[in-house]
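Next comes upload.txt, with compact mmCIF, C-alpha atoms.
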```txt
# COMPACT_ATOMS: atom_id res chain seq x y z
CA MET A 602 -17.72 -4.56 -0.69
CA LYS A 603 -15.00 -7.02 0.27
CA SER A 604 -12.22 -6.63 2.78
CA ALA A 605 -9.02 -5.10 1.45
CA ASP A 606 -6.74 -7.68 -0.12
CA ALA A 607 -2.98 -8.05 0.29
CA ALA A 608 -2.29 -6.13 -2.93
CA THR A 609 -3.74 -2.99 -1.30
CA PHE A 610 -0.80 -2.81 1.08
CA ASP A 611 2.04 -2.43 -1.39
CA ALA A 612 5.09 -0.16 -1.44
CA ALA A 613 3.03 2.81 -2.69
CA TYR A 614 0.58 2.47 0.21
CA TYR A 615 3.32 2.64 2.82
CA GLN A 616 5.13 5.42 1.04
CA ARG A 617 1.99 7.55 1.22
CA PHE A 618 0.67 6.69 4.66
CA TYR A 619 3.90 6.04 6.60
CA PHE A 620 7.09 7.26 4.93
CA ASP A 621 6.11 10.59 3.33
CA ALA A 622 6.18 13.26 6.06
CA LYS A 623 3.49 15.27 4.26
CA THR A 624 0.91 12.50 3.99
CA ARG A 625 1.72 10.00 6.75
CA VAL A 626 -0.98 9.15 9.26
CA ILE A 627 1.31 8.85 12.29
CA ASP A 628 4.43 10.76 13.25
CA PRO A 629 7.14 9.79 15.77
CA GLN A 630 5.87 12.24 18.41
CA HIS A 631 2.33 10.84 18.23
CA ALA A 632 3.64 7.28 18.44
CA GLU A 633 5.71 8.19 21.49
CA ARG A 634 2.76 9.82 23.31
CA LEU A 635 0.43 6.97 22.48
CA GLY A 636 2.93 4.31 23.49
CA ALA A 637 3.72 6.06 26.78
CA PHE A 638 0.00 6.30 27.59
CA VAL A 639 -0.96 2.72 26.71
CA CYS A 640 2.08 1.08 28.30
CA GLY A 641 1.87 3.36 31.34
CA TYR A 642 -1.78 2.40 31.77
CA LEU A 643 -0.92 -1.31 31.59
CA LYS A 644 1.78 -0.81 34.22
CA TYR A 645 -0.70 1.05 36.43
CA LEU A 646 -3.21 -1.79 36.05
CA ARG A 647 -0.39 -4.24 36.85
CA VAL A 648 -0.90 -6.27 33.71
CA PRO A 649 2.16 -8.53 33.41
CA VAL A 650 3.56 -8.07 29.89
CA ARG A 651 5.97 -10.77 28.76
CA ARG A 652 4.62 -11.65 25.32
CA VAL A 653 3.34 -9.02 22.89
CA LEU A 654 1.53 -9.54 19.59
CA ASP A 655 1.25 -6.66 17.12
CA VAL A 656 -1.23 -7.86 14.52
CA GLY A 657 -1.11 -5.66 11.46
CA CYS A 658 2.24 -4.35 12.70
CA GLY A 659 3.00 -2.26 9.61
CA ILE A 660 6.47 -0.74 9.75
CA GLY A 661 6.96 -1.81 13.37
CA VAL A 662 6.24 1.36 15.32
CA TRP A 663 5.11 -0.63 18.36
CA ARG A 664 8.24 -2.77 18.39
CA ASP A 665 10.29 0.20 19.59
CA VAL A 666 7.55 1.24 22.02
CA VAL A 667 7.48 -2.23 23.59
CA ALA A 668 11.27 -2.35 23.78
CA ARG A 669 11.33 0.94 25.73
CA HIS A 670 8.51 0.19 28.16
CA PHE A 671 8.73 -3.60 28.52
CA PRO A 672 12.38 -4.42 27.71
CA GLN A 673 12.04 -8.03 28.90
CA ALA A 674 8.99 -8.75 26.72
CA HIS A 675 9.08 -10.71 23.47
CA TYR A 676 7.55 -8.82 20.53
CA GLN A 677 5.83 -10.72 17.71
CA GLY A 678 4.95 -8.78 14.56
CA VAL A 679 2.30 -10.19 12.23
CA GLU A 680 1.47 -8.50 8.95
CA PHE A 681 -0.90 -9.09 6.02
CA SER A 682 1.22 -7.15 3.53
CA GLU A 683 3.55 -9.35 1.51
CA TYR A 684 5.67 -6.28 0.78
CA LEU A 685 6.28 -5.56 4.48
CA CYS A 686 6.87 -9.21 5.35
CA GLU A 687 9.62 -9.32 2.75
CA ARG A 688 11.06 -5.95 3.79
CA TYR A 689 10.97 -6.41 7.58
CA GLY A 690 10.74 -10.16 8.05
CA TRP A 691 7.35 -10.15 9.80
CA GLU A 692 5.30 -13.31 10.13
CA ARG A 693 2.56 -13.35 7.49
CA GLY A 694 -0.98 -13.45 8.82
CA SER A 695 -4.34 -11.72 9.19
CA VAL A 696 -6.23 -10.56 12.28
CA VAL A 697 -9.22 -12.44 10.86
CA ASP A 698 -7.75 -15.89 11.38
CA TYR A 699 -4.23 -15.68 12.87
CA ARG A 700 -3.60 -18.43 15.42
CA ALA A 701 -0.97 -18.82 18.11
CA GLU A 702 -0.02 -21.76 20.32
CA ARG A 703 -0.94 -19.74 23.40
CA PRO A 704 -2.46 -16.31 24.01
CA PHE A 705 -0.42 -13.14 24.50
CA ASP A 706 -0.25 -10.78 27.45
CA PHE A 707 -0.69 -7.70 25.29
CA VAL A 708 -2.12 -7.48 21.77
CA VAL A 709 -1.95 -4.37 19.57
CA CYS A 710 -4.33 -3.89 16.64
CA GLN A 711 -3.89 -0.36 15.29
CA GLY A 712 -5.53 0.90 12.11
CA VAL A 713 -6.34 -2.58 10.81
CA LEU A 714 -9.99 -3.33 11.51
CA PRO A 715 -11.58 -0.62 9.31
CA TYR A 716 -10.22 -2.41 6.24
CA LEU A 717 -12.46 -5.40 6.97
CA ALA A 718 -15.93 -5.99 5.57
CA PRO A 719 -18.60 -6.72 8.22
CA ALA A 720 -18.34 -10.52 8.15
CA ASP A 721 -14.55 -10.47 8.39
CA LEU A 722 -14.67 -7.81 11.10
CA LYS A 723 -16.93 -10.01 13.21
CA ARG A 724 -14.48 -12.90 12.87
CA ALA A 725 -11.51 -10.67 13.67
CA LEU A 726 -13.05 -9.27 16.85
CA HIS A 727 -13.81 -12.80 18.05
CA ASN A 728 -10.28 -13.88 17.13
CA LEU A 729 -8.74 -11.07 19.16
CA GLY A 730 -10.54 -12.49 22.18
CA GLY A 731 -8.62 -15.73 21.79
CA LEU A 732 -5.28 -14.04 21.14
CA SER A 733 -5.15 -11.98 24.34
CA ARG A 734 -5.26 -13.16 27.95
CA GLY A 735 -4.19 -9.78 29.29
CA ALA A 736 -4.72 -6.50 27.47
CA LEU A 737 -5.66 -5.29 24.01
CA TYR A 738 -5.11 -1.93 22.38
CA VAL A 739 -7.43 -1.17 19.45
CA GLU A 740 -7.43 1.89 17.22
CA ALA A 741 -10.11 2.07 14.55
CA VAL A 742 -11.74 5.05 12.86
CA THR A 743 -15.54 4.81 13.13
CA ARG A 744 -18.49 6.28 11.27
CA GLU A 745 -19.12 8.59 14.22
CA ASP A 746 -15.62 10.05 13.81
CA PHE A 747 -16.49 11.07 10.26
CA GLU A 748 -19.90 12.40 11.31
CA ARG A 749 -18.30 14.54 14.00
CA ASP A 750 -15.72 15.85 11.53
CA ILE A 751 -12.69 14.82 13.56
CA VAL A 752 -11.09 12.79 10.77
CA ASP A 753 -8.72 14.41 8.28
CA GLU A 754 -10.15 12.91 5.11
CA ASP A 755 -7.18 14.15 3.05
CA LEU A 756 -4.90 11.87 5.06
CA THR A 757 -7.32 9.01 5.74
CA ASP A 758 -7.50 6.15 3.26
CA ALA A 759 -10.84 6.37 1.43
CA ARG A 760 -10.98 2.58 1.07
CA ILE A 761 -11.78 1.90 4.71
CA PHE A 762 -15.20 0.84 5.98
CA ARG A 763 -17.06 3.26 8.22
CA HIS A 764 -18.31 0.81 10.84
CA ARG A 765 -20.21 2.16 13.83
CA ALA A 766 -18.37 2.25 17.16
CA GLU A 767 -21.05 -0.04 18.57
CA VAL A 768 -20.03 -2.76 16.09
CA TYR A 769 -16.55 -2.84 17.60
CA ARG A 770 -17.79 -2.66 21.17
CA ARG A 771 -20.37 -5.40 20.63
CA GLY A 772 -17.77 -7.70 19.07
CA LEU A 773 -15.18 -7.17 21.80
CA ALA A 774 -17.50 -7.14 24.82
CA PRO A 775 -17.78 -10.94 25.27
CA HIS A 776 -13.99 -11.16 25.64
CA PHE A 777 -12.89 -7.81 27.08
CA ALA A 778 -13.81 -5.04 29.51
CA GLU A 779 -13.43 -1.58 28.00
CA MET A 780 -10.97 0.50 30.01
CA GLY A 781 -10.98 3.69 27.95
CA GLY A 782 -8.42 5.21 25.61
CA GLY A 783 -8.60 2.23 23.28
CA VAL A 784 -7.40 -0.13 26.02
CA TRP A 785 -9.35 -3.31 26.72
CA LEU A 786 -8.75 -5.83 29.49
CA SER A 787 -9.31 -9.52 28.87
CA ARG A 788 -12.01 -11.10 30.97
CA GLN A 789 -9.48 -13.88 31.60
CA ALA A 790 -7.01 -11.47 33.21
CA GLN A 791 -6.61 -11.79 36.95
CA VAL A 792 -6.38 -8.03 37.41
CA PRO A 793 -8.65 -6.23 39.92
CA VAL A 794 -10.00 -2.91 38.69
CA PHE A 795 -12.38 -0.36 40.19
CA ALA A 796 -15.83 0.04 38.67
CA LEU A 797 -15.18 3.62 37.56
CA GLU A 798 -12.04 2.51 35.72
CA ARG A 799 -14.22 0.40 33.45
CA ALA A 800 -16.39 1.96 30.77
CA ASP A 801 -18.78 -0.99 30.86
CA ALA A 802 -19.25 -1.36 34.63
```
Structure re-expressed in structure tokens:
Amino acid sequence: MKSADAATFDAAYYQRFYFDAKTRVIDPQHAERLGAFVCGYLKYLRVPVRRVLDVGCGIGVWRDVVARHFPQAHYQGVEFSEYLCERYGWERGSVVDYRAERPFDFVVCQGVLPYLAPADLKRALHNLGGLSRGALYVEAVTREDFERDIVDEDLTDARIFRHRAEVYRRGLAPHFAEMGGGVWLSRQAQVPVFALERADA
């Protein structure tokens, strides 16, 4: 199987998974709780957040989150979908090979990685290491989530890959320390943390 192509993410895709209240995968209350947790954790860790990259930004849920919690930060949305780039004005790009002149303080990659075939996923995880010098938030459904029956398969896109959690951890580990809750701290970050705050210590 190949990674999902740009045509996958058309108007019908976003109508089903984001705009239709009956079938959407994220609602405003969930986004608010998640944003408050992640941004609150970064504030607790004292990660300075001035530049934010949301790669695979979708309809821009994190733009509002960043504006509320880090009002002085610059938000950069990057999206693979031609439809969304035209609709919202996002910069076109892919997590597999997107490049920036300098790394960001905080990178968000939510719901993107499971659409990648193994070779592209490996490249994307390495690329995320170069894009963040501070923190990374990753959300990706894994094979274990399906095996433990905690995924609503009626709402989840059947076209995603069911990669093992270890695949993600192994790909991110050279660049990041796992902090729990989907939050990862760049090994370049000058942020002291206690051993028990790190999942990999």
Closest of A:Asp758, A:Asp750, A:Glu779, A:Glu683 to A:Ala608 - atom-to-atom distances counting all atoms listed in the file: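 Checking each candidate against A:Ala608, we get A:Glu683 as the closest.
Reported to one decimal place, the separation of atom CA of A:Trp785 from atom CA of A:Tyr738 is 6.2 Å.
Among the candidate residues A:Leu685, A:Ala622, A:Ile627, A:Val768, the one lying nearest to A:Leu714 is A:Val768, with distances computed using all atoms listed in the file.
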Atomic distance atom CA of A:Leu654 - atom CA of A:Ser733, expressed in Å with one decimal: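 Between these atoms lies a distance of 8.6 Å.
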All residues 9 Å or closer to stretch 740-747 of chain A, only C-alpha atoms, same chain fewer than 2 positions away omitted, as a VMD selection string: chain A and resid 709 to 715 738 749 to 754 761 to 766 769 783
A:Ala674 environment, 8 Å, only C-alpha atoms, sequence neighbours closer than 2 positions dropped, as number ranges by chain: A: 650-653, 667-668, 671-672, 676
For atom CA of A:Lys723 and atom CA of A:Tyr699, the interatomic separation in Å (one decimal):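 Atom CA of A:Tyr699 lies at a distance of 13.9 Å from atom CA of A:Lys723.
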Which residue of A:Gly735, A:Ala605, A:Asp655, A:His670 approaches A:Phe638 most closely, using all atoms listed in the file: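 Nearest candidate to A:Phe638 out of A:Gly735, A:Ala605, A:Asp655, A:His670: A:His670.
When all atoms listed in the file are used to measure the gap to A:Arg703, the shortest distance among A:Val792, A:Met602, A:Cys686, A:Leu732 belongs to A:Leu732.
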Spatial neighbours of A:Tyr619, max dist 12 Å, all atoms listed in the file, sep filter under 4 positions, as a list in words: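 The neighbour list is Phe610, Asp611, Ala612, Ala613, Tyr614, Tyr615, Lys623, Thr624, Arg625, Val626, Ile627, Asp628, Pro629, Ala632, Gly659, Ile660, Gly661, Val662, Leu756, Thr757 and Asp758 of chain A.
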Using all atoms listed in the file: which of A:Ala759, A:Leu717, A:Val784, A:Ala701 has the shortest distance to A:Leu635: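 Closest to A:Leu635 of all the choices is A:Val784.
Candidate residues A:Glu687, A:Glu702, A:Phe707, A:Ser695 were compared for distance to A:Arg724, and the nearest is A:Ser695, using only C-alpha atoms.
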